[in-house]
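Since the structure comes first, as structure tokens, the remarks are kept for the end.
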Number of protein chains: 4
Amino acid sequence: MLVVMHTHATQDDIDHVLQAIRDMKLTPHPMPGATRTAIGITGNVGAVDPRTLEVLPGVSELIRVTKPFKLASREMRQADTLVKFTNTAIGPGTFTIIAGPCSVENEAMILRTAEFMMENGVRLMRAGAFKPRTSPYSFQGMGLEGLKILDKARQKTGIGIVTELMDTDNADAVEAAADIIQIGTRNMQNFSLLKRVAKARKPVLLKRGMSATLEEWLMAAEYVMAGGNYQVILCERGVRTFSDHSRNTLDLSVIPPAKKLSHLPILVDPSHGTGRRDYVPPMALAALAAGAHGLLLEVHPDPDHAQSDGAQSLDFAGFDRLLESLRKLAEPLERAIV
Amino acid sequence: MLVVMHTHATQDDIDHVLQAIRDMKLTPHPMPGATRTAIGITGNVGAVDPRTLEVLPGVSELIRVTKPFKLASREMRQADTLVKFTNTAIGPGTFTIIAGPCSVENEAMILRTAEFMMENGVRLMRAGAFKPRTSPYSFQGMGLEGLKILDKARQKTGIGIVTELMDTDNADAVEAAADIIQIGTRNMQNFSLLKRVAKARKPVLLKRGMSATLEEWLMAAEYVMAGGNYQVILCERGVRTFSDHSRNTLDLSVIPPAKKLSHLPILVDPSHGTGRRDYVPPMALAALAAGAHGLLLEVHPDPDHAQSDGAQSLDFAGFDRLLESLRKLAEPLERAIV
Amino acid sequence: MLVVMHTHATQDDIDHVLQAIRDMKLTPHPMPGATRTAIGITGNVGAVDPRTLEVLPGVSELIRVTKPFKLASREMRQADTLVKFTNTAIGPGTFTIIAGPCSVENEAMILRTAEFMMENGVRLMRAGAFKPRTSPYSFQGMGLEGLKILDKARQKTGIGIVTELMDTDNADAVEAAADIIQIGTRNMQNFSLLKRVAKARKPVLLKRGMSATLEEWLMAAEYVMAGGNYQVILCERGVRTFSDHSRNTLDLSVIPPAKKLSHLPILVDPSHGTGRRDYVPPMALAALAAGAHGLLLEVHPDPDHAQSDGAQSLDFAGFDRLLESLRKLAEPLERAIV
Amino acid sequence: MLVVMHTHATQDDIDHVLQAIRDMKLTPHPMPGATRTAIGITGNVGAVDPRTLEVLPGVSELIRVTKPFKLASREMRQADTLVKFTNTAIGPGTFTIIAGPCSVENEAMILRTAEFMMENGVRLMRAGAFKPRTSPYSFQGMGLEGLKILDKARQKTGIGIVTELMDTDNADAVEAAADIIQIGTRNMQNFSLLKRVAKARKPVLLKRGMSATLEEWLMAAEYVMAGGNYQVILCERGVRTFSDHSRNTLDLSVIPPAKKLSHLPILVDPSHGTGRRDYVPPMALAALAAGAHGLLLEVHPDPDHAQSDGAQSLDFAGFDRLLESLRKLAEPLERAIV
């Protein structure tokens, strides 16, 4: 933490700030300069709210120096985190595909998709039983019935299940049904939900909030880790900007800084990121080249009649073609598509 | 809904789109033009996901025509909604002040604030017992203990209580303690929570999401109204943009379009919007001039030692000065400060 | 400037950074802490590009401490700048109205508007002879012919002229015709143009760039001032965000920080800011309440047949009503409408 | 163009709108629906400003249907544009590298870089003689002297020169010295400059504006093409969003829609896009995978002592490594690195 004083600040102003810092049980380090004084602060900054210093007389600016996340930080743990499953893994070395329909619509389509995925070497299937929809008049998902269908698909095919949890009420049921518990973009800062999945014994896939900075995203991961669940997988899915050329702005540029600041694996969801199935393949290939650890993809047996997100879902043939392109591209990058 | 075809679209492409529209049980209205064909669509568009039309061959663009909100819409109800309380109201004609500390910190400061507010003609006090904090290591609020303190303050002073609900687990307790249930910016699209407060018998103050469009905000209000609770109060509290001159970008420009599209009252929170107490008074006055129905303000008996948000909290003297400025400004605008 | 080292940085890393700072002819101040070292830098930082320090081994972050603007800064000059004209002024104490059509369309409409403005006490008229249009197929303005018409209007009515300069080629002509030279939002960082108007002997109205931070805006003002022209007037006109409820997001919240950081006067353009004439009056009133020094307004004798921006132009009757509202509101704020 | 009426609009309102459309010499097509009327408009919409319809009584919304760009549009020209040079090309099939220092600093470093590039198969070198800098106190480039150095480098090595034009005053000199005239992000809507390069006989590299939508970017290209210069190359270089994890938000997701809407080639500048040299390689590879036609890269013989942008410049060894990675990745993508 650094307090920058105005050029016109008086010695009284400076003394007042020094005292305020000491009142917070922190240590001030005044550094007089040619035109102004700066005051470094050391000590356990996390415990107090130092924004109050900013509005003291003579203070020009308050500058935070250290990042607030600890457990999610690369500084705490230098080695990449690898999240392991019985039949696959997410983390360094692999490029892991999670694919499936937006929603569980019925048993037949889920079974058909699960079988198709397993045949194609995909070991994790996504599908939502609980659906966050912008409109209360849209299809809200099959709920607990949908979870049962997913469970049946896993028992029959051995595929791992990735499904969204929207509230603490259904946490036990989703935790039981899921191999990965998905937290959606709109719930990235639903702190009650984060505290609940921090107690879960399943990995958590944490989608980036629609306008979350990288720091806020890692702080959301920190909530889960601080509660005892270290198996957090980040997932970039497009952010909200002024751009209107696609549904969201898929921010692949977050991958290098996320890998620099954190040891957690990071996936990319080009389906929500772009909102159009014809934009999905180029962005999926780009995610691989940019260094992501895998993809979350919407694939549907019959996208034109999907109950939700059909426009951004690949059909089986399109997914096959994409998988082949990914495999070709993975070779020179020395990555294994799993 | 309007489908715009490419200039190069073939008659087959057009016929395919017409059929797809009919398959959705909607009516297509082809309009051939000089360079391209457009196809109007009528019928109950809400029930289907028409984005699938966008990726059909020959389609250039899909344009949504009608707004998806109904109950929140000015078209459904032309008269302004007035939310009434035993001792005050929010809506047309009034400019209603809700003020108080960020968090319930202890009984003494809550009672002191409540008494001060009642003496100054303020009939609604804000204070959070459950606090959504970016960091898991920050003060998370007093919880149920805090609600009891708020209840005591109401009994002793008669002040109305505005307090935040963060999850369905605490919904009954918050509903009992609150005169207005606040939904925070990070929960604006927590649809499970919206469905719960739709069943509450208390008005809901719905803060705008950090990157919510006006339409998404009104759709969140629609969730509450569609569930049976028509007493929704909107609250602008700053949005997330590229700007870094204040904590958030307080978007006063949303007030005229919100009042044009919806009959719901709209408040402004300049404390969170700006993040600095010295920016609060000018933006509070501007909110009144722009046509808002009131303010949500952070006021603390001793801001420099507040447990949260002290930098953006006014002290009692500062609040007094602001109240006087607001009263002077309200006169030529023919608004009553309550 | 502050260099924050990684917790894992070695002594060699730290020594390397210290040397790099000395190579820049700056003084390093190492501050060892419990978990990491920070290095303060003093000296004439402006002359070098210190971003190179950021990519040295062991460096976690580089934090700039001082603001790069000098002449535009409140620290350099504490008193508010007042820009004076023969018959009016812009700056502290006044709220100055600049009004007129988007474009010079013909002599009659300009004369009619100038007369109407002078009769209503408005001493500055805006009107563009050179028009920056998004499409090459739109009306591009009357050019030099338009400047002649503006000159005639001034001679006949005594009104001051505010008109836009788009390029150095027409700088002499615009400087001769204008009482205030307007630099448009798309040219805020057209540095060649800024250097040219820095040599002009007329005040410069500098619109905020569509996605300019306050610091970038003040740096653009600094270009003009560093070249010798201290008469710079800032003008907020809406920025580019995710919001789609109005043409741009009018950022009134920039007014308090702009007045805190700089001594330059700041106007607001609610016409471009909102893009709709029915949103202009509430935002104009809000600008006054927020502490702006005046308005730039589009007013047209016949907006429905304007060649550009008719949708956001007030007609004479609407402008009269707004002027009356502004006058009423100015009284309790102790501001004089001029 | 589509006018959507309010549900409460009267027949008089509708008739008024129909007449206003006819007054614009356009044809209205009223479409009565169950709850409201929509009015389609056909005719030459480009010539008028239809926003005025939006503020007529009873109008709910005005929806533009057709894209305003013509010459830049894929609908006008279906085949990809290939921009040819004596020794290379930019467009379909190739992935073209343009590399070099941010600024011309002196003759030795330019010659050294040009020779290095030619030895490595790179046929186009970037380097700025005129530099747009945020601060008037930063190095502004060598100007005409810099152009002479670039000319000498071309004569000696045969390399093609890409250099920025900032104003019409220097247009002749830059046009003579450059093989590609670069228009910087801050000048994307400097329409006077666009009109000037529309008359140039050299290709134009048009960087995307910092907050430009894809449509505005293509309209800027349209300015150049409408003036007679069809050799326009787009270049994505990062946009301005709320994100602070890198200098700008490099928007690779614009590549698929840009290629869908336009036939113009599109390059990516990961140096400005990320602002850090360690983020450049992953984003460069991602640009190739996403379908871009090439890269604009900052490479400097001694980045730590560069006069500008050293932090985002690769050194020669780093550039060599990146080139090798690109060559490996290009093979499965069936692209030729040139």
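Ordering of the structure tokens sets the chain letters (A, B, ...); residue numbers start at 1 within each chain; ligands are numbered from 1 in the order shown.
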
Which residues of chain A come within 7 Å of chain C, and what is each one's closest atom pair and distance in Å (one decimal), counting only C-alpha atoms, sorted by chain and residue number, as a Markdown table?
| residue | atom | partner | partner_atom | distance |
| --- | --- | --- | --- | --- |
| A:Thr7 | CA | C:Glu75 | CA | 6.5 |
| A:Gly33 | CA | C:Thr42 | CA | 6.9 |
| A:Thr42 | CA | C:Gly33 | CA | 6.9 |
| A:Glu75 | CA | C:Thr7 | CA | 6.5 |
| A:Arg240 | CA | C:Phe242 | CA | 6.5 |
| A:Thr241 | CA | C:Phe242 | CA | 5.0 |
| A:Phe242 | CA | C:Phe242 | CA | 4.2 |

Please list as a PDB file with C-alpha atoms, in the first residue's frame every residue within 9 Å of Arg237 (chain D), counting only C-alpha atoms and excluding residues in the same chain fewer than 6 positions away.
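Everything below was put into result10.pdb:
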ATOM      1  CA  THR D 185      -5.968   3.593 -33.754  1.00  0.00           C
ATOM      2  CA  LYS D 207      -5.925  -0.046 -37.224  1.00  0.00           C
ATOM      3  CA  ARG D 208      -9.155  -0.542 -35.329  1.00  0.00           C
ATOM      4  CA  GLY D 209     -10.134   2.415 -33.149  1.00  0.00           C
ATOM      5  CA  MET D 210      -9.814   1.918 -29.417  1.00  0.00           C
ATOM      6  CA  ASN D 248      -5.647  -3.311 -24.045  1.00  0.00           C
ATOM      7  CA  THR D 249      -8.105  -6.150 -24.633  1.00  0.00           C
ATOM      8  CA  LEU D 250      -6.893  -7.894 -27.771  1.00  0.00           C
ATOM      9  CA  ASP D 251     -10.146  -8.874 -29.466  1.00  0.00           C
ATOM     10  CA  LEU D 267      -3.994  -8.604 -39.356  1.00  0.00           C
ATOM     11  CA  VAL D 268      -3.438  -8.703 -35.587  1.00  0.00           C
ATOM     12  CA  ASP D 269      -1.026  -6.597 -33.514  1.00  0.00           C
ATOM     13  CA  PRO D 270      -0.409  -8.558 -30.296  1.00  0.00           C
ATOM     14  CA  SER D 271       2.320  -6.144 -29.178  1.00  0.00           C
ATOM     15  CA  HIS D 272      -0.037  -3.218 -28.625  1.00  0.00           C
ATOM     16  CA  GLY D 273      -2.866  -5.617 -27.854  1.00  0.00           C
ATOM     17  CA  THR D 274      -1.159  -7.033 -24.777  1.00  0.00           C
ATOM     18  CA  LEU D 296       2.119  -6.689 -36.910  1.00  0.00           C
TER      19      LEU D 296
END

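Using only C-alpha atoms, the residues found no farther than 9 Å from Thr134 (chain B), other than those of its own chain fewer than 2 positions away, are Gln189, Phe191, Glu216, Met219, Ala220 and Tyr223 of chain A; Pro132, Pro136, Tyr137 and Ser138 of chain B.
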
Query raised in the report: Tell me, which residues of region 2-207 of chain D carry DSSP strand (DSSP E or B), written as JSON, numbers by chain?
Result: {"D": [2, 3, 4, 5, 27, 28, 29, 30, 31, 32, 37, 38, 39, 40, 41, 42, 59, 60, 61, 62, 63, 73, 83, 84, 89, 90, 94, 95, 96, 97, 98, 99, 100, 103, 124, 125, 126, 128, 160, 161, 162, 163, 164, 180, 181, 182, 183, 204, 205, 206, 207]}

Serialized selection, N, CA and C atoms, as a compact mmCIF listing (two decimals), in the first residue's frame:
# COMPACT_ATOMS: atom_id res chain seq x y z
N LEU D 2 -36.92 -0.35 -39.84
CA LEU D 2 -38.19 -0.81 -39.31
C LEU D 2 -38.59 0.12 -38.17
N VAL D 3 -39.81 0.66 -38.23
CA VAL D 3 -40.32 1.50 -37.14
C VAL D 3 -41.28 0.65 -36.32
N VAL D 4 -41.03 0.53 -35.04
CA VAL D 4 -41.92 -0.23 -34.16
C VAL D 4 -42.74 0.76 -33.36
N MET D 5 -44.08 0.68 -33.49
CA MET D 5 -44.94 1.61 -32.77
C MET D 5 -45.24 1.07 -31.36
N THR D 27 -40.49 4.47 -48.96
CA THR D 27 -41.78 3.79 -49.01
C THR D 27 -42.06 3.07 -47.70
N PRO D 28 -43.19 3.42 -47.03
CA PRO D 28 -43.55 2.71 -45.80
C PRO D 28 -44.38 1.46 -46.10
N HIS D 29 -44.16 0.42 -45.28
CA HIS D 29 -44.94 -0.83 -45.40
C HIS D 29 -45.53 -1.17 -44.04
N PRO D 30 -46.73 -0.65 -43.73
CA PRO D 30 -47.31 -0.93 -42.41
C PRO D 30 -47.66 -2.41 -42.24
N MET D 31 -47.33 -2.96 -41.06
CA MET D 31 -47.64 -4.36 -40.74
C MET D 31 -48.36 -4.41 -39.41
N PRO D 32 -49.70 -4.38 -39.41
CA PRO D 32 -50.43 -4.40 -38.14
C PRO D 32 -50.28 -5.76 -37.47
N THR D 37 -48.27 -2.10 -34.18
CA THR D 37 -47.98 -2.03 -35.61
C THR D 37 -46.49 -1.82 -35.81
N ALA D 38 -45.92 -2.50 -36.80
CA ALA D 38 -44.56 -2.20 -37.21
C ALA D 38 -44.64 -1.67 -38.64
N ILE D 39 -43.69 -0.82 -39.00
CA ILE D 39 -43.71 -0.23 -40.34
C ILE D 39 -42.35 -0.46 -40.99
N GLY D 40 -42.32 -1.33 -42.00
CA GLY D 40 -41.09 -1.53 -42.77
C GLY D 40 -40.86 -0.36 -43.70
N ILE D 41 -39.59 -0.04 -43.98
CA ILE D 41 -39.27 1.06 -44.88
C ILE D 41 -38.36 0.53 -45.98
N THR D 42 -38.69 0.80 -47.23
CA THR D 42 -37.77 0.47 -48.32
C THR D 42 -37.47 1.75 -49.11
N VAL D 59 -43.95 6.33 -31.45
CA VAL D 59 -42.88 5.43 -31.92
C VAL D 59 -42.15 4.85 -30.70
N SER D 60 -42.02 3.54 -30.70
CA SER D 60 -41.33 2.88 -29.60
C SER D 60 -39.84 2.73 -29.90
N GLU D 61 -39.54 2.37 -31.13
CA GLU D 61 -38.16 2.08 -31.47
C GLU D 61 -37.96 2.14 -32.97
N LEU D 62 -36.74 2.49 -33.35
CA LEU D 62 -36.37 2.50 -34.76
C LEU D 62 -35.26 1.49 -34.92
N ILE D 63 -35.42 0.58 -35.86
CA ILE D 63 -34.43 -0.49 -36.00
C ILE D 63 -33.85 -0.46 -37.41
N SER D 73 -17.98 -4.43 -48.08
CA SER D 73 -18.85 -5.53 -47.70
C SER D 73 -18.62 -6.79 -48.53
N VAL D 83 -3.84 -8.18 -51.27
CA VAL D 83 -3.03 -6.98 -51.50
C VAL D 83 -1.63 -7.45 -51.86
N LYS D 84 -1.18 -7.10 -53.07
CA LYS D 84 0.10 -7.63 -53.58
C LYS D 84 1.22 -6.61 -53.48
N ALA D 89 2.70 -10.67 -50.28
CA ALA D 89 1.28 -10.35 -50.42
C ALA D 89 0.60 -10.50 -49.07
N ILE D 90 -0.57 -9.88 -48.95
CA ILE D 90 -1.38 -10.02 -47.74
C ILE D 90 -2.79 -10.39 -48.16
N THR D 94 -2.05 -16.77 -47.22
CA THR D 94 -0.79 -16.45 -46.55
C THR D 94 -1.03 -15.97 -45.12
N PHE D 95 0.04 -16.03 -44.36
CA PHE D 95 0.04 -15.43 -43.03
C PHE D 95 1.30 -14.56 -43.01
N THR D 96 1.09 -13.26 -43.13
CA THR D 96 2.18 -12.33 -43.44
C THR D 96 2.69 -11.65 -42.18
N ILE D 97 4.00 -11.72 -41.99
CA ILE D 97 4.59 -11.10 -40.80
C ILE D 97 5.12 -9.71 -41.17
N ILE D 98 4.70 -8.71 -40.42
CA ILE D 98 5.26 -7.35 -40.49
C ILE D 98 5.90 -7.12 -39.13
N ALA D 99 7.20 -6.87 -39.11
CA ALA D 99 7.86 -6.75 -37.80
C ALA D 99 8.89 -5.63 -37.84
N GLY D 100 9.18 -5.10 -36.67
CA GLY D 100 10.18 -4.04 -36.57
C GLY D 100 9.98 -3.24 -35.31
N SER D 103 9.66 2.70 -33.02
CA SER D 103 10.09 3.98 -33.62
C SER D 103 11.40 3.80 -34.39
N LEU D 124 8.37 -7.37 -44.84
CA LEU D 124 7.80 -6.06 -44.52
C LEU D 124 8.24 -5.66 -43.11
N MET D 125 8.77 -4.43 -43.01
CA MET D 125 9.23 -3.95 -41.70
C MET D 125 8.38 -2.76 -41.25
N ARG D 126 7.97 -2.78 -39.98
CA ARG D 126 7.25 -1.65 -39.40
C ARG D 126 8.25 -0.79 -38.64
N GLY D 128 8.01 3.54 -36.91
CA GLY D 128 7.35 4.83 -36.97
C GLY D 128 8.33 6.00 -36.99
N GLY D 160 10.14 -4.11 -47.57
CA GLY D 160 9.02 -3.17 -47.70
C GLY D 160 8.80 -2.43 -46.39
N ILE D 161 8.34 -1.18 -46.50
CA ILE D 161 8.23 -0.31 -45.32
C ILE D 161 6.77 -0.06 -44.95
N VAL D 162 6.44 -0.29 -43.67
CA VAL D 162 5.11 0.03 -43.13
C VAL D 162 5.32 1.13 -42.10
N THR D 163 4.76 2.32 -42.35
CA THR D 163 5.00 3.42 -41.42
C THR D 163 3.77 4.29 -41.31
N GLU D 164 3.64 4.94 -40.15
CA GLU D 164 2.39 5.62 -39.82
C GLU D 164 2.34 7.05 -40.36
N ILE D 180 3.35 0.46 -47.27
CA ILE D 180 2.01 0.44 -46.68
C ILE D 180 1.92 1.65 -45.75
N ILE D 181 0.85 2.45 -45.93
CA ILE D 181 0.61 3.61 -45.06
C ILE D 181 -0.23 3.15 -43.88
N GLN D 182 0.30 3.32 -42.68
CA GLN D 182 -0.43 2.90 -41.49
C GLN D 182 -1.25 4.06 -40.94
N ILE D 183 -2.52 3.79 -40.64
CA ILE D 183 -3.37 4.75 -39.93
C ILE D 183 -3.57 4.20 -38.52
N VAL D 204 -3.32 0.83 -47.55
CA VAL D 204 -3.53 1.46 -46.25
C VAL D 204 -3.78 0.37 -45.20
N LEU D 205 -3.00 0.40 -44.15
CA LEU D 205 -3.23 -0.50 -43.01
C LEU D 205 -4.03 0.30 -41.98
N LEU D 206 -5.26 -0.13 -41.75
CA LEU D 206 -6.20 0.65 -40.93
C LEU D 206 -6.40 -0.04 -39.59
N LYS D 207 -5.77 0.53 -38.55
CA LYS D 207 -5.93 -0.05 -37.22
C LYS D 207 -7.32 0.24 -36.68

Excluding region 303-306 of chain B and its own-chain neighbours fewer than 5 positions away, which residues fall within 8 Å of it when counting only C-alpha atoms? Please give them as a PDB file with N, CA, C and O atoms, in the first residue's frame.
ATOM      1  N   THR A  52     -10.247   4.392   3.572  1.00  0.00           N
ATOM      2  CA  THR A  52     -10.501   5.613   4.342  1.00  0.00           C
ATOM      3  C   THR A  52      -9.328   6.578   4.277  1.00  0.00           C
ATOM      4  O   THR A  52      -9.517   7.784   4.370  1.00  0.00           O
TER       5      THR A  52
ATOM      6  N   ALA B 311     -14.778   5.095   3.253  1.00  0.00           N
ATOM      7  CA  ALA B 311     -14.330   6.150   2.339  1.00  0.00           C
ATOM      8  C   ALA B 311     -15.479   6.791   1.585  1.00  0.00           C
ATOM      9  O   ALA B 311     -15.391   7.934   1.152  1.00  0.00           O
ATOM     10  N   SER B 313     -18.668   6.911   2.861  1.00  0.00           N
ATOM     11  CA  SER B 313     -19.744   7.257   3.799  1.00  0.00           C
ATOM     12  C   SER B 313     -19.638   8.713   4.236  1.00  0.00           C
ATOM     13  O   SER B 313     -18.554   9.191   4.558  1.00  0.00           O
ATOM     14  N   LEU B 314     -20.774   9.386   4.256  1.00  0.00           N
ATOM     15  CA  LEU B 314     -20.843  10.723   4.833  1.00  0.00           C
ATOM     16  C   LEU B 314     -20.914  10.602   6.351  1.00  0.00           C
ATOM     17  O   LEU B 314     -21.469   9.634   6.878  1.00  0.00           O
ATOM     18  N   ASP B 315     -20.402  11.603   7.067  1.00  0.00           N
ATOM     19  CA  ASP B 315     -20.680  11.636   8.499  1.00  0.00           C
ATOM     20  C   ASP B 315     -21.994  12.417   8.701  1.00  0.00           C
ATOM     21  O   ASP B 315     -22.601  12.886   7.740  1.00  0.00           O
TER      22      ASP B 315
END

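Here CA of Ala221 (chain B) stands at a distance of 12.1 Å from CA of Asn187 (chain B).
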
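Computed from the coordinates, the CA of Glu145 (chain A) to CA of Gly158 (chain A) distance equals 19.5 Å.
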
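For the pair CA of Leu288 (chain D) and CA of Leu71 (chain D), the interatomic distance is 26.0 Å.
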